[in-house]
Amino acid sequence: MKVLQALLGAVAAVSLFAASANAQNYPERSITMVVPFSAGGPTDTVARLVAESMSKDLGQQIIVENVGGAGGTLGAGRVAQADPDGYTVLLHHIGMATSATLYRKLAYDTLNAFEYVGLVTEVPMTIVARKDFEPTDLKGLIDYVKANKDTVTVANAGIGAASHLCGMMFMSAIETPLTTVPYKGTGPAMTDLLGGQVDIMCDQTTNTTKQIQGGTIKAYAVTSPARLKIFPDLPTAVESGLADFQVGIWHGIYTPKGTPAEVNERLSKSLQLALKDANVVARFAELGTEPSSEADATPAALKAKLESEIARWKPVIEAAGQYAD
């Protein structure tokens, strides 16, 4: 028995040494970054900018793979089940937190299935409408939708999408339920908004900036604490009368549970460098957002953010009663 225990101990020690050695040499091959949404969407855009810069620092290519479906939970589930070796990572947005309440059944335990790398960015939202929608400012919009709640339609990119979450919060803030129209992605939702088939939407600046600048949709407010440099004349929702209405779609990078701490720290350091990359900073600015600070691009900061956001969104989702199976 003692011989067997000694043998098992020796095997464990060898395995631990091998894992440590592999972590120190990390990365030795390409890394897959899973984005749980379709290519070309806001989160995909953020991921590809960051992945390109991190690849240069790591000396290995980060390949972005889009695994869409079920509001981002399919892609997250895939990473949760991947080998914890640092070669499969997840870049997800706020849906990582909201899905914990939004979905009745998840294939993973949100708080216990992942390790943390760091926050990437927090993208402001914009409250927008079809170009010919009657209201001219946010106060007028609120008054109009309250008076016409049975006919006004709110588009979103599907259950769990950023636009769905912001739409729920908007209806909660004005205490008025509206008819929601879910689409299979941001692109189709924006297409119908441009075509006038739906009335309003609340979506990320990464998806609405070009349309606002081109005058093809009407913008009412941004959901950030202060006005954006890219839209200096567009008021915040708070200054327009929606008290405490601040919504940011934050993005973070995760690895499967059990990934060595040394690997997560290496990825975090690479992320911090990427967020200082002049090209990343410039492209983020064009999209109406900014990179996370060095202090936020850390495992501890992302873990704290996820825990606080699960607690924040739970009562909003429960009040709306819009669950997904």
# chains A, B, ... in the order shown; residues from 1 in each chain; ligands from 1
call {"tool": "select_by_dssp", "arguments": {"residues": "range 65-309 of chain A", "states": "alpha helix (DSSP H)", "output": "ChimeraX atom specification"}}
result
/A:73-80,95-102,138-147,162-174,186-195,205-214,261-274,278-286,299-309
call {"tool": "closest_atom_pairs", "arguments": {"of": "range 128-244 of chain A", "to": "range 31-54 of chain A", "cutoff": "7 Å", "atoms": "only C-alpha atoms", "output": "CSV"}}
result
residue,atom,partner,partner_atom,distance
A:Thr186,CA,A:Gly41,CA,6.4
A:Thr206,CA,A:Pro42,CA,5.3
A:Asn207,CA,A:Pro42,CA,5.9
call {"tool": "select_by_dssp", "arguments": {"residues": "range 14-69 of chain A", "states": "strand (DSSP E)", "output": "ChimeraX atom specification"}}
result
/A:31-35,62-66
call {"tool": "closest_residue", "arguments": {"among": "A:Leu193, A:Val89, A:Ile127, A:Leu58", "to": "Met169 in chain A", "atoms": "only C-alpha atoms"}}
result
A:Ile127
call {"tool": "atom_distance", "arguments": {"atom1": "CA of Gly241 in chain A", "atom2": "CA of Thr180 in chain A"}}
result
23.0 Å
call {"tool": "residues_around", "arguments": {"residues": "Leu287 in chain A", "least_positions_apart": "4", "cutoff": "9 Å", "atoms": "only C-alpha atoms", "output": "CSV table (one decimal) with C-alpha atoms, in the first residue's frame"}}
result
chain,number,residue,atom,x,y,z
A,123,VAL,CA,-18.7,49.7,-25.1
A,205,THR,CA,-21.7,52.1,-30.6
A,206,THR,CA,-19.6,49.5,-32.3
A,207,ASN,CA,-22.7,48.7,-34.3
A,208,THR,CA,-24.5,52.1,-34.6
A,209,THR,CA,-21.7,54.6,-35.1
A,210,LYS,CA,-21.5,54.5,-38.9
A,230,ILE,CA,-17.2,60.8,-31.1
A,282,ALA,CA,-7.4,54.3,-32.6
A,283,ARG,CA,-9.8,51.7,-33.9
call {"tool": "residues_around", "arguments": {"residues": "Thr216 in chain A", "least_positions_apart": "4", "cutoff": "9 Å", "atoms": "only C-alpha atoms", "output": "ChimeraX atom specification"}}
result
/A:130-131,194,210-212
call {"tool": "residues_around", "arguments": {"residues": "Ile317 in chain A", "least_positions_apart": "5", "cutoff": "9 Å", "atoms": "only C-alpha atoms", "output": "list of chain:residue names"}}
result
A:Thr98, A:Thr101, A:Leu102, A:Leu165, A:Met168, A:Met169, A:Gln322, A:Tyr323
